[in-house]
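Working notes, structure below.
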Amino acid sequence: SDICGGDALMDAGLDSMSSTQLQESLGSSLGLSLPATLAFDYPTVDAIARYAHACLASSAGRRSDGASVARGAGGSCASAARWRRGGSPHLGGPPCARLCHEIWVGAGCGAGRFEAAARDSCVVVPPSRWDCDALFSATSRFGAIMRDVSEVDLAAFRLSVPDGTQMDPQHRLLLGVSSRCLPLPVSSEGTSARCGVVVGIGGFEYGPIYSRHGGARTSSSVTSFNLSVACGRLSFFHGLQGPSYSIDTACSSGLTSIHVGCAGIAAAECSSSLALSVNLNLGSSGVHARQAASMLASDGRCKTLDSRANGYVFGESCTCALLLAGGDGPGALVAGSSVNQDGRSSTLTAPNGPSQQRVIASAVLSAGAAGSAVRALQMHGTGTPLGDPIETSAAAAALCQAGGRATPLCLEAVKSAVGHAEIAAGAVGALQASMSLRSRSGAGVNHLREVNAYVAASCRAGFVRCLMPSRLRMPKRDSVAAGGPSLDGLCGVSSFGYSGTNAHAVVCGVPIAVP
C-alpha cells in the first residue's frame with residue numbers, strides 16, 4: 001500500500017534489517033554518509049526528506065552547534081529560562097541548586113549505602129521475592145536486590161502496627177532515606193518549612209501482594225498503596241510546606257524529579273527541595289513483562305556499549321537529593337537541566353536521537369556552558385544494540401561537534417554496576433556523577449570487552465572515549481571567581497524513559513574561591 005509522508009515507517013512494516021537497507025540505498029543515491037539509526041531518528045518519509053535536504057544544503061552535513069539546537073528545541077527548561085533572564089548562574093545570576101545526597105542500592109547482601117560503581121552488584125534473586133525455578137526463563141534470575149525492605153521502625157516514624165504493615169515498602173524507604181538527608185528536624189516556622197518534595201515513584205505491586213497473603217484492609221489502605229500519597233506522606237512527616245509532587249515518567253522519573261525540584265527553587269516556590277526516587281520489584285509480574293518484551297539480558301549483566309549488549313538487568317534503589325539554593329552545604333551543583341519528549345518517534349517506546357540531542361543541548365545552555373566543557377557523560381546506557389549507538393550519536397552531536405573540545409567525551413554507565421534502577425535510574429546516575437566529581441575520578445563501564453561497531457565509529461572520529469573499568473582521573477581544578485562554580489569538571493547525566501520523556505542534567509564541582 002502507499003505510504004503518506006507523515007506515516008510511521010515502522011507501522012508500515014519496516015524492521016531493523018530493511019531500515020539498514022534503506023539507509024544504505026539512500027546514502028549511496030545521494031552521496032551522503034547517513035547514520036545507521038536513520039529510520040529510528042527520522043521515522044517518517046517527510047522527516048527523512050527534511051534531514052537529507054539539510055545534509056545536502058550544508059557543507060558541514062548537519063547543524064551541530066549546541067546553542068542553535070537548544071534554541072530550536074521544544075523541551076521544557078523552566079529553571080533554565082528563569083536563570084537566563086536573570087543572567088547565567090556562573091556570572092552572578094540566581095544561584096544553582098546544590099546536591100547533598102543519600103543513596104541506597106541493592107548490593108546482594110542487603111540495602112547498602114552507595115559508594116562507587118567499581119564492581120557489579122547484581123546477584124541471583126532471593127527466594128523471598130520469587131521462585132526463580134518456577135519462571136519460564138533464566139532471564140529473571142538476576143537483579144541488584146535491596147534486602148530487608150519490609151523492615152520499618154514504627155516508633156521513629158510514629159506509625160501504628162496496622163499502618164506500618166500495610167504501608168508500601170517504597171514509602172517506608174522514602175521515609176528512612178529522607179530522614180537521613182535532612183540535616184535537622186524542620187521547624188514549622190522560617191524558610192526550612194518552605195522545602196518542596198518531588199518523588200519519582202511507580203509500580204502498584206504491593207497492594208495485590210498484601211491482599212494475596214490475607215492482609216486485612218483498614219482505613220489506612222487508601223493511603224498505604226497510593227503512589228500520589230508518597231510525596232504527601234513525606235511533607236506531612238517532616239512538616240514541609242513547599243510544593244509536593246509524585247512523578248512517573250518511567251525510567252527518567254528520578255532525574256525529572258531533580259529538574260522539577262530545581263525549577264521550584266528558581267521560581268521561588270520553595271527555598272529548598274527534596275528530590276527523591278524509589279524503585280522496588282516486589283513481585284515477578286513486572287519482570288515477566290520486561291522479559292516478554294526482550295528488555296532483559298539473558299546473562300544478568302548490563303553490557304553497555306559492548307558488541308554483546310542484549311539488554312539490561314533490573315536494579316533497585318532509593319535516593320534522596322537535598323537541593324539547596326546557593327553555596328551552602330556539601331556536594332555537587334546542578335548547573336542546568338532540561339526535560340523534553342520524543343513525540344511521534346518510530347514507535348511508542350523506541351529512542352529518538354534528535355530529541356535526545358535537543359534535551360542535552362538545552363541543559364548545557366541552561367548551565368551557561370559550552371558543550372565542549374562537559375568532560376564526561378553518565379549515560380542512560382541500558383545496554384541494547386540499538387539504544388546505545390543512538391544515545392552516543394546524539395551526545396556526540398550535542399557536546400562534541402561544535403568545536404572547542406580538547407579531549408574526547410568520556411562515557412560512563414553506572415547501570416553496568418548496579419543494574420537498571422528504572423524509576424530511580426536517572427537519580428542514581430546524577431548522584432554517581434556528583435561522587436565522581438568529588439573524588440575527581442570517573443567510574444568506567446563494566447563488562448566492556450569490544451565496543452559496539454556503531455559506537456566505535458564515534459570513537460574513531462575522536463568524539464568520544466569509552467571508559468574501561470579502570471578509573472579516569474579528572475584534571476585539577478583551576479581557581480575561579482569567588483562564589484562561582486568551577487566549569488572544568490562538568491559532567492552530563494542522561495535519563496530517557498521508554499514513555500518518551502527525556503531528561504538531562506549538567507552537574508559540576510564545588511565552587512573554588514580565589515585565595
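In the C-alpha cells, chains take letters A, B, ... by order of appearance, with residues numbered from 1 within each chain and ligands from 1 in the order shown.
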
Excluding Glu269 in chain A and any residue of its chain fewer than 2 positions from it, enumerate the residues within 10 Å of it, using only C-alpha atoms, and give them as a PDB file with N, CA, C and O atoms, in the first residue's frame.
```pdb
ATOM      1  N   ARG A 194       9.641  25.787  54.081  1.00  0.00           N
ATOM      2  CA  ARG A 194       9.292  26.029  52.682  1.00  0.00           C
ATOM      3  C   ARG A 194      10.048  25.074  51.759  1.00  0.00           C
ATOM      4  O   ARG A 194      10.285  25.382  50.598  1.00  0.00           O
ATOM      5  N   CYS A 195      10.378  23.916  52.244  1.00  0.00           N
ATOM      6  CA  CYS A 195      11.072  22.907  51.453  1.00  0.00           C
ATOM      7  C   CYS A 195      10.054  22.118  50.629  1.00  0.00           C
ATOM      8  O   CYS A 195       9.023  21.677  51.140  1.00  0.00           O
ATOM      9  N   GLY A 196      10.330  21.956  49.344  1.00  0.00           N
ATOM     10  CA  GLY A 196       9.458  21.179  48.477  1.00  0.00           C
ATOM     11  C   GLY A 196       9.821  19.705  48.499  1.00  0.00           C
ATOM     12  O   GLY A 196      10.893  19.311  48.965  1.00  0.00           O
ATOM     13  N   GLY A 242       6.419  23.303  51.173  1.00  0.00           N
ATOM     14  CA  GLY A 242       6.620  23.661  49.776  1.00  0.00           C
ATOM     15  C   GLY A 242       5.823  22.758  48.853  1.00  0.00           C
ATOM     16  O   GLY A 242       5.082  21.878  49.294  1.00  0.00           O
ATOM     17  N   PRO A 243       5.943  22.969  47.539  1.00  0.00           N
ATOM     18  CA  PRO A 243       5.219  22.132  46.570  1.00  0.00           C
ATOM     19  C   PRO A 243       5.549  20.651  46.773  1.00  0.00           C
ATOM     20  O   PRO A 243       6.665  20.301  47.144  1.00  0.00           O
ATOM     21  N   GLY A 261      12.503  19.873  41.033  1.00  0.00           N
ATOM     22  CA  GLY A 261      12.922  20.487  42.297  1.00  0.00           C
ATOM     23  C   GLY A 261      13.731  21.746  42.081  1.00  0.00           C
ATOM     24  O   GLY A 261      13.541  22.753  42.775  1.00  0.00           O
ATOM     25  N   ALA A 263      13.565  23.672  39.418  1.00  0.00           N
ATOM     26  CA  ALA A 263      12.661  24.678  38.854  1.00  0.00           C
ATOM     27  C   ALA A 263      11.851  25.360  39.956  1.00  0.00           C
ATOM     28  O   ALA A 263      11.600  26.572  39.903  1.00  0.00           O
ATOM     29  N   GLY A 264      11.447  24.590  40.973  1.00  0.00           N
ATOM     30  CA  GLY A 264      10.696  25.174  42.076  1.00  0.00           C
ATOM     31  C   GLY A 264      11.513  26.187  42.857  1.00  0.00           C
ATOM     32  O   GLY A 264      11.003  27.237  43.272  1.00  0.00           O
ATOM     33  N   ILE A 265      12.799  25.890  43.049  1.00  0.00           N
ATOM     34  CA  ILE A 265      13.679  26.837  43.736  1.00  0.00           C
ATOM     35  C   ILE A 265      13.867  28.095  42.896  1.00  0.00           C
ATOM     36  O   ILE A 265      13.807  29.226  43.391  1.00  0.00           O
ATOM     37  N   ALA A 266      14.120  27.907  41.574  1.00  0.00           N
ATOM     38  CA  ALA A 266      14.339  29.045  40.692  1.00  0.00           C
ATOM     39  C   ALA A 266      13.111  29.944  40.605  1.00  0.00           C
ATOM     40  O   ALA A 266      13.225  31.157  40.454  1.00  0.00           O
ATOM     41  N   ALA A 267      11.910  29.337  40.715  1.00  0.00           N
ATOM     42  CA  ALA A 267      10.674  30.102  40.644  1.00  0.00           C
ATOM     43  C   ALA A 267      10.267  30.684  41.997  1.00  0.00           C
ATOM     44  O   ALA A 267       9.203  31.304  42.096  1.00  0.00           O
ATOM     45  N   SER A 271      12.271  27.321  49.150  1.00  0.00           N
ATOM     46  CA  SER A 271      13.644  27.730  49.424  1.00  0.00           C
ATOM     47  C   SER A 271      14.620  26.577  49.252  1.00  0.00           C
ATOM     48  O   SER A 271      15.827  26.781  49.117  1.00  0.00           O
ATOM     49  N   SER A 272      14.122  25.361  49.291  1.00  0.00           N
ATOM     50  CA  SER A 272      14.920  24.152  49.093  1.00  0.00           C
ATOM     51  C   SER A 272      13.965  23.057  48.655  1.00  0.00           C
ATOM     52  O   SER A 272      12.743  23.239  48.648  1.00  0.00           O
ATOM     53  N   SER A 273      14.511  21.900  48.286  1.00  0.00           N
ATOM     54  CA  SER A 273      13.636  20.836  47.818  1.00  0.00           C
ATOM     55  C   SER A 273      14.290  19.483  48.050  1.00  0.00           C
ATOM     56  O   SER A 273      15.507  19.331  47.921  1.00  0.00           O
TER      57      SER A 273
END
```

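Residues lying within 7 Å of Asn310 in chain A, counting only C-alpha atoms and ignoring same-chain neighbours fewer than 5 positions away, are Ala297, Gly383, Thr384 and Pro385 of chain A.
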
For those residues, write N, CA, C and O atoms to a file as a PDB file, in the first residue's frame.
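Final output, saved to result.pdb:
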```
ATOM      1  N   ALA A 297      18.714  -8.787  29.800  1.00  0.00           N
ATOM      2  CA  ALA A 297      19.874  -9.552  29.338  1.00  0.00           C
ATOM      3  C   ALA A 297      19.800 -10.977  29.878  1.00  0.00           C
ATOM      4  O   ALA A 297      19.564 -11.182  31.069  1.00  0.00           O
ATOM      5  N   GLY A 383      22.298  -0.801  27.598  1.00  0.00           N
ATOM      6  CA  GLY A 383      22.942  -1.989  27.061  1.00  0.00           C
ATOM      7  C   GLY A 383      22.120  -2.684  25.999  1.00  0.00           C
ATOM      8  O   GLY A 383      21.920  -3.899  26.064  1.00  0.00           O
ATOM      9  N   THR A 384      21.645  -1.936  25.020  1.00  0.00           N
ATOM     10  CA  THR A 384      20.927  -2.521  23.889  1.00  0.00           C
ATOM     11  C   THR A 384      21.687  -2.185  22.611  1.00  0.00           C
ATOM     12  O   THR A 384      22.281  -1.105  22.504  1.00  0.00           O
ATOM     13  N   PRO A 385      21.677  -3.081  21.620  1.00  0.00           N
ATOM     14  CA  PRO A 385      22.481  -2.858  20.418  1.00  0.00           C
ATOM     15  C   PRO A 385      22.041  -1.661  19.603  1.00  0.00           C
ATOM     16  O   PRO A 385      22.830  -1.107  18.838  1.00  0.00           O
TER      17      PRO A 385
END
```

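Of the residues under consideration (A:Arg344, A:Arg172, A:Arg158, A:Arg290), A:Arg344 shows the shortest atom-to-atom contact distance to Tyr42 in chain A when counting only C-alpha atoms.
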
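Between CA of Asp248 in chain A and CA of Gln341 in chain A the interatomic distance comes to 13.8 Å.
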
Please provide the set of residues having any atom within 8 Å of range 313-319 of chain A, restricted to only C-alpha atoms, with same-chain residues fewer than 6 positions apart removed, written as a PDB file with N, CA, C and O atoms, in the first residue's frame.
```pdb
ATOM      1  N   HIS A 101      23.363  14.529  49.114  1.00  0.00           N
ATOM      2  CA  HIS A 101      22.617  13.353  48.739  1.00  0.00           C
ATOM      3  C   HIS A 101      22.758  12.179  49.690  1.00  0.00           C
ATOM      4  O   HIS A 101      23.673  12.094  50.486  1.00  0.00           O
ATOM      5  N   GLU A 102      21.810  11.291  49.549  1.00  0.00           N
ATOM      6  CA  GLU A 102      21.786   9.998  50.238  1.00  0.00           C
ATOM      7  C   GLU A 102      21.260   8.994  49.221  1.00  0.00           C
ATOM      8  O   GLU A 102      20.279   9.253  48.527  1.00  0.00           O
ATOM      9  N   ILE A 103      21.930   7.862  49.085  1.00  0.00           N
ATOM     10  CA  ILE A 103      21.503   6.888  48.102  1.00  0.00           C
ATOM     11  C   ILE A 103      21.779   5.479  48.608  1.00  0.00           C
ATOM     12  O   ILE A 103      22.863   5.194  49.105  1.00  0.00           O
ATOM     13  N   TRP A 104      20.767   4.636  48.482  1.00  0.00           N
ATOM     14  CA  TRP A 104      20.896   3.237  48.876  1.00  0.00           C
ATOM     15  C   TRP A 104      20.529   2.378  47.679  1.00  0.00           C
ATOM     16  O   TRP A 104      19.555   2.652  46.981  1.00  0.00           O
ATOM     17  N   VAL A 105      21.312   1.348  47.418  1.00  0.00           N
ATOM     18  CA  VAL A 105      21.055   0.477  46.276  1.00  0.00           C
ATOM     19  C   VAL A 105      21.137  -0.976  46.713  1.00  0.00           C
ATOM     20  O   VAL A 105      21.677  -1.298  47.768  1.00  0.00           O
ATOM     21  N   GLY A 106      20.607  -1.851  45.848  1.00  0.00           N
ATOM     22  CA  GLY A 106      20.748  -3.273  46.091  1.00  0.00           C
ATOM     23  C   GLY A 106      22.190  -3.688  45.884  1.00  0.00           C
ATOM     24  O   GLY A 106      22.809  -3.335  44.896  1.00  0.00           O
ATOM     25  N   CYS A 122      25.021  -7.187  40.901  1.00  0.00           N
ATOM     26  CA  CYS A 122      23.850  -7.993  40.572  1.00  0.00           C
ATOM     27  C   CYS A 122      24.045  -9.442  41.020  1.00  0.00           C
ATOM     28  O   CYS A 122      25.127 -10.014  40.830  1.00  0.00           O
ATOM     29  N   PHE A 142      18.267 -12.665  37.832  1.00  0.00           N
ATOM     30  CA  PHE A 142      19.296 -11.747  38.305  1.00  0.00           C
ATOM     31  C   PHE A 142      18.736 -10.348  38.585  1.00  0.00           C
ATOM     32  O   PHE A 142      17.802  -9.887  37.932  1.00  0.00           O
ATOM     33  N   GLY A 143      19.354  -9.698  39.546  1.00  0.00           N
ATOM     34  CA  GLY A 143      18.988  -8.325  39.845  1.00  0.00           C
ATOM     35  C   GLY A 143      19.867  -7.774  40.958  1.00  0.00           C
ATOM     36  O   GLY A 143      20.522  -8.521  41.682  1.00  0.00           O
ATOM     37  N   ALA A 144      19.903  -6.446  41.064  1.00  0.00           N
ATOM     38  CA  ALA A 144      20.560  -5.792  42.201  1.00  0.00           C
ATOM     39  C   ALA A 144      19.475  -5.535  43.235  1.00  0.00           C
ATOM     40  O   ALA A 144      18.731  -4.567  43.156  1.00  0.00           O
ATOM     41  N   ILE A 145      19.369  -6.448  44.179  1.00  0.00           N
ATOM     42  CA  ILE A 145      18.217  -6.526  45.077  1.00  0.00           C
ATOM     43  C   ILE A 145      18.512  -5.848  46.408  1.00  0.00           C
ATOM     44  O   ILE A 145      19.560  -6.076  47.031  1.00  0.00           O
ATOM     45  N   MET A 146      17.576  -5.030  46.872  1.00  0.00           N
ATOM     46  CA  MET A 146      17.649  -4.473  48.219  1.00  0.00           C
ATOM     47  C   MET A 146      16.969  -5.456  49.174  1.00  0.00           C
ATOM     48  O   MET A 146      15.799  -5.789  48.996  1.00  0.00           O
ATOM     49  N   LEU A 173      10.901   3.134  52.654  1.00  0.00           N
ATOM     50  CA  LEU A 173      12.264   3.522  52.264  1.00  0.00           C
ATOM     51  C   LEU A 173      12.387   5.027  52.109  1.00  0.00           C
ATOM     52  O   LEU A 173      13.393   5.630  52.518  1.00  0.00           O
ATOM     53  N   LEU A 174      11.399   5.658  51.509  1.00  0.00           N
ATOM     54  CA  LEU A 174      11.435   7.112  51.323  1.00  0.00           C
ATOM     55  C   LEU A 174      11.482   7.835  52.666  1.00  0.00           C
ATOM     56  O   LEU A 174      12.206   8.830  52.825  1.00  0.00           O
ATOM     57  N   VAL A 177      15.214   7.277  54.061  1.00  0.00           N
ATOM     58  CA  VAL A 177      16.277   7.982  53.352  1.00  0.00           C
ATOM     59  C   VAL A 177      16.117   9.498  53.487  1.00  0.00           C
ATOM     60  O   VAL A 177      17.089  10.230  53.648  1.00  0.00           O
ATOM     61  N   LEU A 276      13.448  12.950  45.445  1.00  0.00           N
ATOM     62  CA  LEU A 276      13.613  11.544  45.802  1.00  0.00           C
ATOM     63  C   LEU A 276      13.155  10.638  44.663  1.00  0.00           C
ATOM     64  O   LEU A 276      12.393  11.046  43.785  1.00  0.00           O
ATOM     65  N   SER A 277      13.616   9.408  44.709  1.00  0.00           N
ATOM     66  CA  SER A 277      13.122   8.395  43.779  1.00  0.00           C
ATOM     67  C   SER A 277      13.296   7.031  44.420  1.00  0.00           C
ATOM     68  O   SER A 277      14.195   6.825  45.235  1.00  0.00           O
ATOM     69  N   VAL A 278      12.426   6.096  44.041  1.00  0.00           N
ATOM     70  CA  VAL A 278      12.491   4.765  44.625  1.00  0.00           C
ATOM     71  C   VAL A 278      12.020   3.753  43.590  1.00  0.00           C
ATOM     72  O   VAL A 278      11.118   4.030  42.787  1.00  0.00           O
ATOM     73  N   ASN A 279      12.653   2.593  43.595  1.00  0.00           N
ATOM     74  CA  ASN A 279      12.251   1.523  42.689  1.00  0.00           C
ATOM     75  C   ASN A 279      12.473   0.175  43.357  1.00  0.00           C
ATOM     76  O   ASN A 279      13.590  -0.159  43.752  1.00  0.00           O
ATOM     77  N   LEU A 280      11.396  -0.576  43.528  1.00  0.00           N
ATOM     78  CA  LEU A 280      11.455  -1.942  44.037  1.00  0.00           C
ATOM     79  C   LEU A 280      10.691  -2.860  43.099  1.00  0.00           C
ATOM     80  O   LEU A 280       9.670  -2.456  42.530  1.00  0.00           O
ATOM     81  N   ASN A 281      11.169  -4.077  42.937  1.00  0.00           N
ATOM     82  CA  ASN A 281      10.459  -5.117  42.186  1.00  0.00           C
ATOM     83  C   ASN A 281      10.005  -6.170  43.194  1.00  0.00           C
ATOM     84  O   ASN A 281      10.714  -7.133  43.466  1.00  0.00           O
ATOM     85  N   LEU A 296      15.427  -7.679  28.892  1.00  0.00           N
ATOM     86  CA  LEU A 296      16.382  -8.138  29.889  1.00  0.00           C
ATOM     87  C   LEU A 296      17.496  -8.970  29.269  1.00  0.00           C
ATOM     88  O   LEU A 296      17.272  -9.749  28.338  1.00  0.00           O
ATOM     89  N   ALA A 297      18.714  -8.787  29.800  1.00  0.00           N
ATOM     90  CA  ALA A 297      19.874  -9.552  29.338  1.00  0.00           C
ATOM     91  C   ALA A 297      19.800 -10.977  29.878  1.00  0.00           C
ATOM     92  O   ALA A 297      19.564 -11.182  31.069  1.00  0.00           O
ATOM     93  N   GLY A 300      22.151 -11.759  32.805  1.00  0.00           N
ATOM     94  CA  GLY A 300      22.057 -10.960  34.019  1.00  0.00           C
ATOM     95  C   GLY A 300      23.133  -9.913  34.152  1.00  0.00           C
ATOM     96  O   GLY A 300      23.473  -9.499  35.269  1.00  0.00           O
ATOM     97  N   ARG A 301      23.669  -9.427  33.042  1.00  0.00           N
ATOM     98  CA  ARG A 301      24.701  -8.386  33.059  1.00  0.00           C
ATOM     99  C   ARG A 301      24.345  -7.295  32.064  1.00  0.00           C
ATOM    100  O   ARG A 301      23.989  -7.585  30.914  1.00  0.00           O
ATOM    101  N   CYS A 302      24.443  -6.058  32.490  1.00  0.00           N
ATOM    102  CA  CYS A 302      24.172  -4.917  31.611  1.00  0.00           C
ATOM    103  C   CYS A 302      25.483  -4.543  30.926  1.00  0.00           C
ATOM    104  O   CYS A 302      26.380  -3.963  31.548  1.00  0.00           O
ATOM    105  N   VAL A 418      25.261  -1.437  38.862  1.00  0.00           N
ATOM    106  CA  VAL A 418      24.140  -1.576  39.795  1.00  0.00           C
ATOM    107  C   VAL A 418      22.840  -1.908  39.084  1.00  0.00           C
ATOM    108  O   VAL A 418      21.769  -1.870  39.694  1.00  0.00           O
ATOM    109  N   GLY A 419      22.910  -2.244  37.796  1.00  0.00           N
ATOM    110  CA  GLY A 419      21.710  -2.568  37.062  1.00  0.00           C
ATOM    111  C   GLY A 419      20.882  -1.333  36.759  1.00  0.00           C
ATOM    112  O   GLY A 419      21.259  -0.198  37.068  1.00  0.00           O
ATOM    113  N   HIS A 420      19.751  -1.585  36.124  1.00  0.00           N
ATOM    114  CA  HIS A 420      18.853  -0.501  35.724  1.00  0.00           C
ATOM    115  C   HIS A 420      17.813  -0.308  36.818  1.00  0.00           C
ATOM    116  O   HIS A 420      16.894  -1.113  36.970  1.00  0.00           O
ATOM    117  N   ALA A 421      17.955   0.764  37.576  1.00  0.00           N
ATOM    118  CA  ALA A 421      17.029   1.041  38.674  1.00  0.00           C
ATOM    119  C   ALA A 421      15.727   1.664  38.187  1.00  0.00           C
ATOM    120  O   ALA A 421      14.923   2.130  39.000  1.00  0.00           O
ATOM    121  N   GLU A 422      15.530   1.712  36.887  1.00  0.00           N
ATOM    122  CA  GLU A 422      14.279   2.116  36.259  1.00  0.00           C
ATOM    123  C   GLU A 422      13.789   3.463  36.782  1.00  0.00           C
ATOM    124  O   GLU A 422      14.370   4.489  36.461  1.00  0.00           O
ATOM    125  N   ALA A 424      14.234   5.038  39.430  1.00  0.00           N
ATOM    126  CA  ALA A 424      15.277   5.780  40.148  1.00  0.00           C
ATOM    127  C   ALA A 424      16.571   5.904  39.356  1.00  0.00           C
ATOM    128  O   ALA A 424      17.534   6.491  39.849  1.00  0.00           O
ATOM    129  N   ALA A 427      18.339   9.432  38.870  1.00  0.00           N
ATOM    130  CA  ALA A 427      18.890   9.981  40.108  1.00  0.00           C
ATOM    131  C   ALA A 427      20.158   9.250  40.508  1.00  0.00           C
ATOM    132  O   ALA A 427      21.115   9.861  40.991  1.00  0.00           O
ATOM    133  N   VAL A 428      20.187   7.924  40.312  1.00  0.00           N
ATOM    134  CA  VAL A 428      21.407   7.162  40.597  1.00  0.00           C
ATOM    135  C   VAL A 428      22.551   7.686  39.737  1.00  0.00           C
ATOM    136  O   VAL A 428      23.675   7.877  40.214  1.00  0.00           O
TER     137      VAL A 428
END
```

Inset, instruction - Figure out the distance between CA of Ala193 in chain A and CA of Thr249 in chain A, please, to one decimal in Å. - result: 27.4 Å

Inset, instruction - Write out as an MDAnalysis selection string all residues of range 313-417 of chain A that backbone DSSP assigns to alpha helix (DSSP H). - result: chainID A and resid 353:366 387:399 415:417

Legend entry - Closest of A:Asp306, A:Asp299, A:Asp342, A:Asp168 to Asp388 in chain A - atom-to-atom distances counting only C-alpha atoms: A:Asp306
